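Content type compact mmCIF, C-alpha atoms, from the file coords31.txt:
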# COMPACT_ATOMS: atom_id res chain seq x y z
CA MET A 1 95.02 98.14 103.06
CA GLN A 2 98.27 100.07 102.80
CA ILE A 3 99.13 100.14 106.51
CA MET A 4 100.31 97.10 108.40
CA PRO A 5 98.26 96.35 111.50
CA ALA A 6 100.37 97.24 114.51
CA HIS A 7 100.54 93.70 115.90
CA ALA A 8 101.93 92.44 112.60
CA ALA A 9 104.69 95.05 112.44
CA HIS A 10 108.24 93.92 112.98
CA HIS A 11 109.56 94.85 116.42
CA GLY A 12 113.31 94.86 115.93
CA ASP A 13 113.96 95.38 119.60
CA GLN A 14 111.52 92.82 121.00
CA GLU A 15 108.64 95.06 121.97
CA ILE A 16 105.37 93.71 123.37
CA GLU A 17 102.48 96.14 122.98
CA THR A 18 99.30 94.06 123.45
CA LEU A 19 98.08 91.32 125.77
CA GLU A 20 97.92 88.96 122.75
CA GLU A 21 101.61 89.56 122.03
CA PHE A 22 102.42 89.00 125.71
CA ASP A 23 100.59 85.66 125.80
CA ALA A 24 102.11 84.52 122.51
CA THR A 25 105.65 85.41 123.66
CA VAL A 26 105.34 83.67 127.04
CA SER A 27 103.85 80.59 125.38
CA ALA A 28 106.38 80.39 122.50
CA ARG A 29 109.56 81.56 124.27
CA GLY A 30 108.97 80.69 127.92
CA THR A 31 110.97 83.81 128.84
CA LEU A 32 110.52 87.59 128.81
CA SER A 33 114.23 88.21 129.29
CA GLY A 34 115.35 91.21 127.25
CA PHE A 35 111.82 92.15 126.11
CA ARG A 36 110.21 95.59 126.45
CA VAL A 37 106.58 95.40 127.54
CA GLN A 38 104.83 98.67 126.75
CA ALA A 39 101.57 99.91 128.35
CA VAL A 40 100.00 96.43 128.69
CA ASP A 41 97.64 95.78 131.63
CA LEU A 42 99.14 92.70 133.33
CA THR A 43 96.95 92.62 136.45
CA ASP A 44 95.44 89.31 135.25
CA ARG A 45 98.81 87.79 134.28
CA THR A 46 100.28 87.38 137.79
CA ARG A 47 100.68 83.60 137.41
CA GLU A 48 102.65 84.02 134.17
CA LEU A 49 104.85 86.77 135.60
CA LEU A 50 105.67 84.70 138.70
CA ALA A 51 106.56 81.67 136.59
CA THR A 52 108.54 83.38 133.80
CA ASP A 53 112.13 84.65 133.73
CA THR A 54 112.08 88.45 133.34
CA ALA A 55 115.79 89.22 133.81
CA GLY A 56 116.74 92.28 131.77
CA ALA A 57 113.12 92.97 130.77
CA VAL A 58 111.69 96.49 130.86
CA PHE A 59 108.05 97.13 131.84
CA LEU A 60 106.87 100.58 130.72
CA GLY A 61 103.61 101.68 132.33
CA CYS A 62 102.26 98.13 132.82
CA ALA A 63 99.73 97.70 135.61
CA MET A 64 100.54 94.58 137.69
CA ARG A 65 99.81 93.19 141.14
CA GLN A 66 102.22 93.99 143.95
CA ASN A 67 103.65 90.46 144.30
CA ALA A 68 104.25 90.25 140.52
CA ALA A 69 105.98 93.66 140.48
CA ALA A 70 108.20 92.63 143.42
CA LYS A 71 109.15 89.37 141.69
CA VAL A 72 110.09 90.94 138.33
CA ARG A 73 112.15 93.62 140.11
CA ALA A 74 113.95 90.85 142.03
CA ASP A 75 114.69 89.18 138.66
CA GLY A 76 116.51 92.36 137.65
CA ALA A 77 113.78 93.80 135.41
CA LEU A 78 113.20 97.56 135.21
CA VAL A 79 109.66 98.61 136.14
CA PHE A 80 108.30 102.05 135.23
CA PRO A 81 104.88 102.03 136.93
CA PRO A 82 101.74 103.52 135.37
CA LEU A 83 101.13 107.16 136.30
CA PRO A 84 97.62 107.72 137.66
CA GLY A 85 95.78 110.97 137.07
CA LEU A 86 97.19 111.73 133.60
CA PRO A 87 94.75 112.18 130.69
CA PHE A 88 97.23 110.32 128.40
CA ASP A 89 99.58 107.35 128.69
CA PRO A 90 103.22 108.43 128.18
CA TYR A 91 104.31 104.82 127.56
CA ARG A 92 101.67 103.98 124.96
CA GLY A 93 102.63 101.26 122.49
CA LEU A 94 100.27 102.19 119.63
CA VAL A 95 99.17 105.39 117.88
CA TYR A 96 95.73 106.81 118.72
CA SER A 97 92.39 106.08 117.10
CA PRO A 98 89.69 108.75 116.62
CA ASP A 99 87.41 106.85 119.02
CA GLU A 100 90.10 106.97 121.70
CA LEU A 101 90.82 110.71 121.41
CA PHE A 102 87.12 111.62 121.16
CA ALA A 103 85.84 109.25 123.89
CA SER A 104 83.00 110.90 125.91
CA LEU A 105 82.18 113.33 123.06
CA ALA A 106 78.52 112.24 122.95
CA GLU A 107 78.06 112.36 126.75
CA GLY A 108 80.11 115.37 127.84
CA GLY A 109 80.95 117.33 124.68
CA TYR A 110 84.46 117.95 123.37
CA GLU A 111 85.67 119.42 126.69
CA ALA A 112 85.28 115.97 128.31
CA THR A 113 87.37 114.10 125.73
CA PRO A 114 90.92 112.80 126.36
CA ASP A 115 92.06 115.09 123.53
CA ALA A 116 90.76 118.23 125.25
CA LEU A 117 91.90 117.09 128.71
CA SER A 118 95.43 116.42 127.40
CA TYR A 119 95.57 119.92 125.94
CA THR A 120 94.42 121.41 129.26
CA TRP A 121 97.13 119.42 131.08
CA PHE A 122 99.71 120.63 128.52
CA GLN A 123 98.72 124.27 128.98
CA ARG A 124 98.96 124.00 132.76
CA THR A 125 102.27 122.14 132.96
CA LYS A 126 103.91 124.18 130.19
CA ALA A 127 103.44 127.26 132.34
CA ASP A 128 104.84 125.47 135.44
CA ARG A 129 108.15 124.58 133.70
CA ASP A 130 108.12 121.35 135.67
CA VAL A 131 110.94 119.01 134.59
CA PHE A 132 108.83 115.93 135.40
CA SER A 133 106.03 117.09 133.09
CA SER A 134 108.43 117.94 130.27
CA MET A 135 110.00 114.49 130.66
CA LEU A 136 106.55 112.86 130.43
CA ARG A 137 105.82 114.81 127.23
CA ALA A 138 109.15 113.72 125.72
CA VAL A 139 108.57 110.05 126.65
CA HIS A 140 105.04 110.22 125.20
CA ASP A 141 106.24 111.75 121.92
CA ASP A 142 109.03 109.21 121.57
CA SER A 143 106.55 106.36 122.18
CA VAL A 144 104.26 107.80 119.49
CA SER A 145 107.16 108.07 116.99
CA ASP A 146 108.10 104.46 117.68
CA ALA A 147 104.49 103.33 117.18
CA LEU A 148 104.19 105.35 113.96
CA ASP A 149 107.37 103.82 112.51
CA GLU A 150 106.05 100.33 113.26
CA LEU A 151 102.69 101.19 111.68
CA LEU A 152 104.24 102.47 108.44
CA VAL A 153 106.75 99.68 107.79
CA GLY A 154 106.76 99.12 104.01
CA ALA A 155 104.03 101.73 103.33
CA ARG A 156 104.29 104.18 100.42
CA VAL A 157 103.33 107.42 102.15
CA VAL A 158 102.25 110.65 100.45
CA GLY A 159 101.93 113.79 102.54
CA VAL A 160 99.07 116.23 101.90
CA MET A 161 99.62 119.62 103.56
CA GLY A 162 97.24 122.56 103.68
CA GLY A 163 95.58 125.08 105.95
CA HIS A 164 93.03 124.51 108.71
CA ALA A 165 90.86 127.38 107.46
CA MET A 166 89.39 125.52 104.45
CA ALA A 167 85.68 125.13 105.28
CA ARG A 168 83.50 122.09 104.71
CA GLY A 169 80.95 122.72 101.97
CA THR A 170 83.40 124.62 99.75
CA GLU A 171 84.71 123.58 96.32
CA ALA A 172 88.26 123.62 97.68
CA TYR A 173 87.33 121.16 100.46
CA GLU A 174 85.62 118.84 97.98
CA GLY A 175 88.68 119.01 95.71
CA ALA A 176 91.02 118.07 98.57
CA ALA A 177 88.74 115.16 99.48
CA ARG A 178 88.74 113.89 95.88
CA LEU A 179 92.54 114.15 95.86
CA GLY A 180 92.81 112.08 99.07
CA ARG A 181 90.50 109.46 97.55
CA THR A 182 92.45 109.26 94.28
CA LEU A 183 95.79 108.91 96.10
CA ALA A 184 94.43 106.22 98.45
CA ARG A 185 92.90 104.28 95.54
CA SER A 186 96.28 104.29 93.80
CA GLY A 187 97.73 102.31 96.74
CA LEU A 188 99.36 105.19 98.62
CA THR A 189 98.95 105.90 102.34
CA VAL A 190 97.72 109.48 102.77
CA ALA A 191 99.35 111.33 105.69
CA THR A 192 98.25 114.80 106.80
CA GLY A 193 98.80 117.18 109.71
CA GLY A 194 95.66 115.59 111.16
CA GLY A 195 93.73 118.79 111.80
CA PRO A 196 90.63 120.43 110.26
CA GLY A 197 90.31 122.07 106.83
CA ALA A 198 92.43 120.77 103.98
CA MET A 199 93.94 118.11 106.26
CA GLU A 200 90.53 116.71 107.20
CA ALA A 201 89.39 116.75 103.57
CA ALA A 202 92.36 114.61 102.45
CA ASN A 203 91.79 112.14 105.32
CA LEU A 204 88.07 112.05 104.45
CA GLY A 205 88.95 111.23 100.84
CA ALA A 206 91.09 108.29 101.94
CA TYR A 207 88.28 107.17 104.25
CA ALA A 208 85.86 107.27 101.26
CA ALA A 209 88.20 105.29 98.96
CA PRO A 210 86.52 101.84 99.41
CA TYR A 211 83.02 103.27 98.75
CA ASP A 212 81.29 104.36 95.53
CA ASP A 213 81.31 107.98 94.36
CA GLU A 214 77.85 108.64 95.78
CA MET A 215 79.12 108.09 99.32
CA LEU A 216 81.55 111.03 99.13
CA VAL A 217 78.84 113.32 97.70
CA GLU A 218 76.50 112.45 100.59
CA ALA A 219 79.26 112.68 103.21
CA LEU A 220 80.25 116.16 101.99
CA GLN A 221 76.62 117.24 102.20
CA LEU A 222 76.30 115.94 105.77
CA LEU A 223 79.54 117.61 106.88
CA SER A 224 78.50 120.98 105.49
CA LYS A 225 76.03 121.24 108.44
CA ALA A 226 79.06 122.19 110.60
CA PRO A 227 81.45 123.99 108.20
CA LYS A 228 84.14 124.89 110.76
CA PHE A 229 85.39 123.75 114.17
CA THR A 230 84.40 127.18 115.55
CA PRO A 231 82.20 128.03 117.40
CA SER A 232 81.58 124.39 118.46
CA ILE A 233 84.14 121.58 118.21
CA THR A 234 81.47 119.27 119.65
CA ASP A 235 79.13 119.92 116.68
CA TRP A 236 81.99 119.79 114.16
CA ALA A 237 83.26 116.43 115.45
CA GLY A 238 79.74 115.09 116.04
CA VAL A 239 78.85 115.40 112.34
CA ALA A 240 82.09 113.63 111.37
CA PHE A 241 81.20 110.71 113.64
CA GLU A 242 77.72 110.63 112.01
CA VAL A 243 79.50 110.05 108.68
CA ARG A 244 81.69 107.36 110.21
CA THR A 245 78.67 105.60 111.75
CA ARG A 246 76.77 105.64 108.48
CA TRP A 247 79.75 104.33 106.49
CA PRO A 248 81.75 102.39 109.10
CA LYS A 249 84.25 100.57 106.87
CA GLY A 250 86.36 103.49 105.72
CA GLY A 251 89.85 103.33 104.22
CA THR A 252 93.02 103.87 106.22
CA SER A 253 95.10 107.04 106.44
CA VAL A 254 97.29 108.81 108.97
CA GLY A 255 96.86 112.13 110.80
CA ILE A 256 99.83 113.66 112.63
CA PRO A 257 98.50 116.59 114.71
CA THR A 258 99.87 118.40 117.77
CA TRP A 259 98.61 119.69 121.12
CA PHE A 260 100.88 122.69 120.51
CA TYR A 261 98.00 123.97 118.35
CA GLY A 262 95.48 122.81 120.91
CA HIS A 263 92.70 125.08 119.70
CA GLU A 264 92.68 122.93 116.54
CA PRO A 265 91.10 119.52 117.17
CA PRO A 266 92.27 116.41 115.31
CA ASN A 267 89.92 115.23 112.57
CA PRO A 268 88.09 111.90 113.03
CA PHE A 269 88.67 110.62 109.46
CA ALA A 270 92.32 109.58 109.90
CA SER A 271 92.16 105.92 110.97
CA HIS A 272 95.48 106.29 112.81
CA ILE A 273 96.40 109.47 114.72
CA ALA A 274 99.96 110.13 115.91
CA LYS A 275 99.45 113.14 118.16
CA TYR A 276 102.43 114.98 119.63
CA PHE A 277 103.09 117.61 122.30
CA ALA A 278 106.20 118.95 120.50
CA ASN A 279 105.27 120.59 117.20
CA ALA A 280 108.86 120.50 115.84
CA THR A 281 109.03 116.71 116.31
CA ARG A 282 105.65 116.34 114.66
CA GLU A 283 106.48 118.60 111.67
CA ASP A 284 109.77 116.90 110.92
CA GLY A 285 108.34 113.42 111.44
CA LEU A 286 105.40 113.99 109.11
CA LEU A 287 107.61 115.22 106.27
CA ALA A 288 110.36 112.63 106.83
CA ARG A 289 107.83 109.78 106.61
CA SER A 290 106.26 111.07 103.35
CA ASN A 291 108.57 108.86 101.30
CA THR A 292 106.73 109.19 97.95
CA GLY A 293 106.37 112.97 98.05
CA VAL A 294 104.33 115.83 99.49
CA VAL A 295 101.41 117.80 98.05
CA PHE A 296 100.99 121.39 99.29
CA LEU A 297 97.45 122.77 99.02
CA PRO A 298 96.86 126.49 99.62
CA GLY A 299 97.61 127.46 103.22
CA ALA A 300 99.16 130.24 105.27
CA ALA A 301 102.24 130.47 107.52
CA GLY A 302 102.13 126.83 108.69
CA THR A 303 102.03 125.48 105.13
CA VAL A 304 104.82 127.85 103.99
CA GLN A 305 106.93 126.58 106.89
CA GLU A 306 106.23 122.97 105.83
CA ILE A 307 107.29 123.71 102.24
CA PHE A 308 110.73 124.85 103.37
CA ASP A 309 111.00 122.21 106.10
CA ASN A 310 110.61 119.76 103.22
CA ALA A 311 112.79 121.68 100.77
CA THR A 312 115.83 121.81 103.09
CA PRO A 313 116.61 118.04 103.25
CA ASN A 314 115.82 117.85 99.51
CA TYR A 315 118.32 120.67 98.87
CA TYR A 316 121.08 119.08 100.95
CA GLU A 317 119.99 115.50 100.13
CA SER A 318 120.35 114.74 103.83
CA ARG A 319 117.67 112.03 103.55
CA GLY A 320 119.05 110.66 100.28
CA GLU A 321 117.35 111.27 96.92
CA PRO A 322 115.06 114.33 96.93
CA THR A 323 111.36 113.43 97.12
CA PRO A 324 108.63 115.00 94.94
CA MET A 325 107.04 118.30 95.98
CA VAL A 326 103.83 119.43 94.24
CA LEU A 327 102.42 122.90 94.99
CA VAL A 328 98.74 123.38 94.04
CA ASN A 329 97.17 126.70 92.90
CA ARG A 330 99.40 128.91 90.79
CA ALA A 331 97.93 132.25 91.93
CA HIS A 332 98.26 131.32 95.61
CA TRP A 333 101.92 130.25 95.47
CA THR A 334 103.15 132.87 92.94
CA GLU A 335 101.12 135.97 93.89
CA LYS A 336 99.39 135.72 97.28
CA LEU A 337 102.33 133.96 99.00
CA PRO A 338 105.11 133.83 96.36
CA THR A 339 106.79 130.70 97.63
CA TRP A 340 107.22 129.02 94.24
CA PRO A 341 109.83 131.47 92.80
CA LEU A 342 112.02 130.99 95.89
CA LEU A 343 111.63 127.20 95.74
CA GLN A 344 112.59 127.28 92.04
CA SER A 345 115.66 129.41 92.77
CA LEU A 346 116.78 127.03 95.52
CA ALA A 347 116.33 123.99 93.28
CA ARG A 348 118.08 125.40 90.22
CA GLY A 349 121.02 123.27 89.11
CA ARG A 350 120.44 120.66 91.83
CA SER A 351 118.89 117.22 91.62
CA MET A 352 115.76 118.49 93.42
CA GLU A 353 114.98 120.65 90.36
CA ALA A 354 113.48 117.60 88.65
CA ARG A 355 111.41 116.84 91.76
CA ILE A 356 109.32 120.03 92.13
CA ALA A 357 106.16 121.04 90.28
CA LEU A 358 103.51 123.77 90.40
CA VAL A 359 100.04 122.83 89.15
CA ASP A 360 96.89 124.87 88.98
CA ARG A 361 94.27 122.24 89.69
CA ILE A 362 93.99 119.40 92.19
CA GLU A 363 93.13 117.01 89.33
CA GLU A 364 96.66 117.46 87.97
CA VAL A 365 98.35 116.24 91.19
CA PRO A 366 98.43 112.43 90.65
CA ASP A 367 100.05 112.81 87.20
CA ALA A 368 102.55 115.36 88.53
CA LEU A 369 103.54 113.02 91.39
CA GLU A 370 104.01 110.13 88.98
CA ARG A 371 106.08 112.29 86.60
CA LEU A 372 108.36 113.55 89.40
CA GLU A 373 108.90 110.05 90.80
CA SER A 374 110.08 108.53 87.52
File written out as structure tokens:
Amino acid sequence: MQIMPAHAAHHGDQEIETLEEFDATVSARGTLSGFRVQAVDLTDRTRELLATDTAGAVFLGCAMRQNAAAKVRADGALVFPPLPGLPFDPYRGLVYSPDELFASLAEGGYEATPDALSYTWFQRTKADRDVFSSMLRAVHDDSVSDALDELLVGARVVGVMGGHAMARGTEAYEGAARLGRTLARSGLTVATGGGPGAMEAANLGAYAAPYDDEMLVEALQLLSKAPKFTPSITDWAGVAFEVRTRWPKGGTSVGIPTWFYGHEPPNPFASHIAKYFANATREDGLLARSNTGVVFLPGAAGTVQEIFDNATPNYYESRGEPTPMVLVNRAHWTEKLPTWPLLQSLARGRSMEARIALVDRIEEVPDALERLES
């Protein structure tokens, strides 16, 4: 597994994000002074809270009984209470799982899921221009970034970018899935924009990595029953969960989607989903964390934007050494959307020139990445 389990990640600033971590800290340290306890339900830990020093601690969205809350406040701790009635937790300590975002899919369809309800809340509050709602979105996104950093400590991450329009059942989708599988099998953590199309295919490939080749063939066949997320997200996601149920021990990968594009659901094949309200934070974060390079499959405006979002820090070396960029499909990036000539012109004479490549076929990507890294 390329990703560290969240509870094993190093919390430099003394964060507690699970009940297990809470119990272990109280037992080993005998104090919570200076700790940050994030989105942990402490209603059954009243005895411990009453008996433990919490001076200087911060409790972010932790449910606790009234007498416990009064005691920790009297100690001098800061308590940010949970906010009822929200479809998401702004103080969450961990990234999302597909099961969490798609809860209630089987019973109530996609519209009943936390993912859909969060998008509805976003649409409503965005129009209100309510400062409290915008603050909650910012706190949520910062919590997700923190959780994502902890998850990826020490991981070698490769970004795979591409459009949402790529349909299941097509050769292009199968190619992107094979690429995700090859990259995951080589020990890399695949990170995508977390949506449908090319992004889903790459996450599916990483999910298929521990299985034999036959599994991917069968999974692709099953998925082709619902080629796109329109007209029914419920059907599209339902088939994906059929695949996950049939092959439950899939490989790990990361999806980093956004409610800004709320009409696009997240795909269920990323084992870890860092979903954001702010698209700019999400875009920059996805590219910045792709520390071993980024692969750009054919896409439209969003993918073009990602190419230059990635090219800019490589051009200025604002994140240090430029990282590899591999564009796939010569005709797409030189004729249909001629991004490659501009990228070449930008790179000329700079150290990023040795870090960019254009290949025609997906099969050429792993070698190109390796060549550009050396």
Between CA of Glu364 in chain A and CA of Asn329 in chain A, distance in Å (one decimal): 10.5 Å
Protein/DNA/RNA residues near (87.8, 109.0, 102.1), cut 7 Å, all atoms listed in the file, as a PyMOL selection string: chain A and resi 177+180-181+203-209+250-251
Polymer residues at most 9 Å from range 65-77 of chain A, only C-alpha atoms, same-chain spacing of 3 or more positions, as a JSON list (two decimals) with C-alpha atoms, in the coordinates of the input:
[["chain", "number", "residue", "atom", "x", "y", "z"],
["A", 33, "SER", "CA", 114.23, 88.21, 129.29],
["A", 34, "GLY", "CA", 115.35, 91.21, 127.25],
["A", 42, "LEU", "CA", 99.14, 92.70, 133.33],
["A", 43, "THR", "CA", 96.95, 92.62, 136.45],
["A", 44, "ASP", "CA", 95.44, 89.31, 135.25],
["A", 45, "ARG", "CA", 98.81, 87.79, 134.28],
["A", 46, "THR", "CA", 100.28, 87.38, 137.79],
["A", 47, "ARG", "CA", 100.68, 83.60, 137.41],
["A", 49, "LEU", "CA", 104.85, 86.77, 135.60],
["A", 50, "LEU", "CA", 105.67, 84.70, 138.70],
["A", 52, "THR", "CA", 108.54, 83.38, 133.80],
["A", 53, "ASP", "CA", 112.13, 84.65, 133.73],
["A", 54, "THR", "CA", 112.08, 88.45, 133.34],
["A", 55, "ALA", "CA", 115.79, 89.22, 133.81],
["A", 56, "GLY", "CA", 116.74, 92.28, 131.77],
["A", 57, "ALA", "CA", 113.12, 92.97, 130.77],
["A", 58, "VAL", "CA", 111.69, 96.49, 130.86],
["A", 59, "PHE", "CA", 108.05, 97.13, 131.84]]
Within 7 Å of range 298-313 of chain A using all atoms listed in the file, minus same-chain residues under 6 positions, as JSON, numbers by chain: {"A": [161, 162, 163, 287, 319, 328, 329, 332]}
Exercise: His164 in chain A partners within 9 Å, all atoms listed in the file, chain neighbours under 3 positions left out, as JSON, numbers by chain: {"A": [167, 195, 196, 197, 198, 199, 200, 264, 299]}
Atom-to-atom span, CA of Glu317 in chain A and CA of Val365 in chain A, Å: 23.4 Å
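Counting from CA of Pro265 in chain A, the distance to CA of Val217 in chain A is 23.8 Å.
Closest to Pro82 in chain A among A:Ala368, A:Glu353, A:Leu101, A:Gly61 is A:Gly61, based on only C-alpha atoms.
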Taking 5 positions as the minimum chain separation for residues in the same chain, which residues sit within 10 Å of Pro266 in chain A when counting only C-alpha atoms? Answer as a PDB file with C-alpha atoms, keeping the file's coordinate frame.
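The resulting file, out.pdb, is shown below:
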ATOM      1  CA  PRO A  98      89.690 108.750 116.620  1.00  0.00           C
ATOM      2  CA  LEU A 101      90.820 110.710 121.410  1.00  0.00           C
ATOM      3  CA  PHE A 102      87.120 111.620 121.160  1.00  0.00           C
ATOM      4  CA  ASP A 115      92.060 115.090 123.530  1.00  0.00           C
ATOM      5  CA  GLY A 193      98.800 117.180 109.710  1.00  0.00           C
ATOM      6  CA  GLY A 194      95.660 115.590 111.160  1.00  0.00           C
ATOM      7  CA  GLY A 195      93.730 118.790 111.800  1.00  0.00           C
ATOM      8  CA  PRO A 196      90.630 120.430 110.260  1.00  0.00           C
ATOM      9  CA  MET A 199      93.940 118.110 106.260  1.00  0.00           C
ATOM     10  CA  GLU A 200      90.530 116.710 107.200  1.00  0.00           C
ATOM     11  CA  ALA A 237      83.260 116.430 115.450  1.00  0.00           C
ATOM     12  CA  GLY A 255      96.860 112.130 110.800  1.00  0.00           C
ATOM     13  CA  ILE A 256      99.830 113.660 112.630  1.00  0.00           C
ATOM     14  CA  PRO A 257      98.500 116.590 114.710  1.00  0.00           C
ATOM     15  CA  THR A 258      99.870 118.400 117.770  1.00  0.00           C
ATOM     16  CA  TRP A 259      98.610 119.690 121.120  1.00  0.00           C
ATOM     17  CA  TYR A 261      98.000 123.970 118.350  1.00  0.00           C
ATOM     18  CA  ILE A 273      96.400 109.470 114.720  1.00  0.00           C
ATOM     19  CA  ALA A 274      99.960 110.130 115.910  1.00  0.00           C
ATOM     20  CA  LYS A 275      99.450 113.140 118.160  1.00  0.00           C
TER      21      LYS A 275
END
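In terms of minimum interatomic distance to Cys62 in chain A, A:Glu17 ranks closest within A:Glu17, A:Glu283, A:Glu100, A:Asp23, counting only C-alpha atoms.
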Close residues, Ser224 in chain A itself excluded, 12 Å, only C-alpha atoms, min 4 positions apart in chain, as a PyMOL selection string: chain A and resi 166-171+173-174+197+201+217-220+228-229+235-237+239-240+243
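Within 8 Å of the file-frame point (103.3, 105.5, 109.1), and using all atoms listed in the file, the polymer residues found are Ile3, Leu148, Asp149, Glu150, Leu151, Leu152, Val153, Ala155, Val157, Ala191, Val254 and Arg289 of chain A.
With distances restricted to all atoms listed in the file, A:Ala165 is the closest residue to Pro227 in chain A from A:Ala116, A:Ala165, A:Met64, A:Ala331.
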Using only the atoms of range 229-246 of chain A listed in the file, plus 4 Å on each side, state the axis-aligned box centre and edge lengths in Å rounded to one decimal, as AutoDock Vina command-line options.
--center_x 81.1 --center_y 116.8 --center_z 114.1 --size_x 16.6 --size_y 30.4 --size_z 19.2
Nearest candidate to Trp247 in chain A (options A:Pro341, A:Asp212, A:Lys225, A:Phe132; using all atoms listed in the file): A:Asp212
Fill-in result for range 283-298 of chain A, N, CA, C and O atoms as a PDB file, in the frame of the given file:
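The new file rebuild_36.pdb reads:
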ATOM      1  N   GLU A 283     106.264 118.055 113.016  1.00  0.00           N
ATOM      2  CA  GLU A 283     106.480 118.600 111.670  1.00  0.00           C
ATOM      3  C   GLU A 283     107.520 117.771 110.913  1.00  0.00           C
ATOM      4  O   GLU A 283     107.302 117.335 109.790  1.00  0.00           O
ATOM      5  N   ASP A 284     108.668 117.595 111.566  1.00  0.00           N
ATOM      6  CA  ASP A 284     109.770 116.900 110.920  1.00  0.00           C
ATOM      7  C   ASP A 284     109.399 115.440 110.635  1.00  0.00           C
ATOM      8  O   ASP A 284     109.688 114.910 109.573  1.00  0.00           O
ATOM      9  N   GLY A 285     108.710 114.824 111.593  1.00  0.00           N
ATOM     10  CA  GLY A 285     108.340 113.420 111.440  1.00  0.00           C
ATOM     11  C   GLY A 285     107.356 113.191 110.315  1.00  0.00           C
ATOM     12  O   GLY A 285     107.453 112.216 109.563  1.00  0.00           O
ATOM     13  N   LEU A 286     106.404 114.108 110.171  1.00  0.00           N
ATOM     14  CA  LEU A 286     105.400 113.990 109.110  1.00  0.00           C
ATOM     15  C   LEU A 286     106.065 114.070 107.740  1.00  0.00           C
ATOM     16  O   LEU A 286     105.810 113.254 106.852  1.00  0.00           O
ATOM     17  N   LEU A 287     106.952 115.045 107.567  1.00  0.00           N
ATOM     18  CA  LEU A 287     107.610 115.220 106.270  1.00  0.00           C
ATOM     19  C   LEU A 287     108.613 114.092 105.991  1.00  0.00           C
ATOM     20  O   LEU A 287     108.691 113.586 104.874  1.00  0.00           O
ATOM     21  N   ALA A 288     109.355 113.678 107.012  1.00  0.00           N
ATOM     22  CA  ALA A 288     110.360 112.630 106.830  1.00  0.00           C
ATOM     23  C   ALA A 288     109.715 111.292 106.432  1.00  0.00           C
ATOM     24  O   ALA A 288     110.323 110.491 105.716  1.00  0.00           O
ATOM     25  N   ARG A 289     108.488 111.059 106.895  1.00  0.00           N
ATOM     26  CA  ARG A 289     107.830 109.780 106.610  1.00  0.00           C
ATOM     27  C   ARG A 289     107.085 109.788 105.272  1.00  0.00           C
ATOM     28  O   ARG A 289     106.603 108.756 104.817  1.00  0.00           O
ATOM     29  N   SER A 290     106.949 110.976 104.649  1.00  0.00           N
ATOM     30  CA  SER A 290     106.260 111.070 103.350  1.00  0.00           C
ATOM     31  C   SER A 290     107.240 110.667 102.242  1.00  0.00           C
ATOM     32  O   SER A 290     107.761 111.510 101.509  1.00  0.00           O
ATOM     33  N   ASN A 291     107.466 109.356 102.135  1.00  0.00           N
ATOM     34  CA  ASN A 291     108.570 108.860 101.300  1.00  0.00           C
ATOM     35  C   ASN A 291     108.263 108.869  99.796  1.00  0.00           C
ATOM     36  O   ASN A 291     109.155 108.652  98.986  1.00  0.00           O
ATOM     37  N   THR A 292     107.003 109.104  99.391  1.00  0.00           N
ATOM     38  CA  THR A 292     106.730 109.190  97.950  1.00  0.00           C
ATOM     39  C   THR A 292     106.411 110.614  97.508  1.00  0.00           C
ATOM     40  O   THR A 292     106.015 110.839  96.383  1.00  0.00           O
ATOM     41  N   GLY A 293     106.573 111.580  98.429  1.00  0.00           N
ATOM     42  CA  GLY A 293     106.370 112.970  98.050  1.00  0.00           C
ATOM     43  C   GLY A 293     105.342 113.668  98.910  1.00  0.00           C
ATOM     44  O   GLY A 293     104.665 113.056  99.738  1.00  0.00           O
ATOM     45  N   VAL A 294     105.246 114.999  98.715  1.00  0.00           N
ATOM     46  CA  VAL A 294     104.330 115.830  99.490  1.00  0.00           C
ATOM     47  C   VAL A 294     103.581 116.772  98.558  1.00  0.00           C
ATOM     48  O   VAL A 294     104.168 117.371  97.655  1.00  0.00           O
ATOM     49  N   VAL A 295     102.263 116.878  98.798  1.00  0.00           N
ATOM     50  CA  VAL A 295     101.410 117.800  98.050  1.00  0.00           C
ATOM     51  C   VAL A 295     101.076 118.967  98.969  1.00  0.00           C
ATOM     52  O   VAL A 295     100.647 118.764 100.112  1.00  0.00           O
ATOM     53  N   PHE A 296     101.262 120.196  98.484  1.00  0.00           N
ATOM     54  CA  PHE A 296     100.990 121.390  99.290  1.00  0.00           C
ATOM     55  C   PHE A 296      99.783 122.127  98.717  1.00  0.00           C
ATOM     56  O   PHE A 296      99.881 122.745  97.654  1.00  0.00           O
ATOM     57  N   LEU A 297      98.656 122.034  99.405  1.00  0.00           N
ATOM     58  CA  LEU A 297      97.450 122.770  99.020  1.00  0.00           C
ATOM     59  C   LEU A 297      97.567 124.186  99.590  1.00  0.00           C
ATOM     60  O   LEU A 297      98.385 124.435 100.473  1.00  0.00           O
ATOM     61  N   PRO A 298      96.743 125.125  99.108  1.00  0.00           N
ATOM     62  CA  PRO A 298      96.860 126.490  99.620  1.00  0.00           C
ATOM     63  C   PRO A 298      96.726 126.540 101.140  1.00  0.00           C
ATOM     64  O   PRO A 298      95.849 125.914 101.723  1.00  0.00           O
TER      65      PRO A 298
END
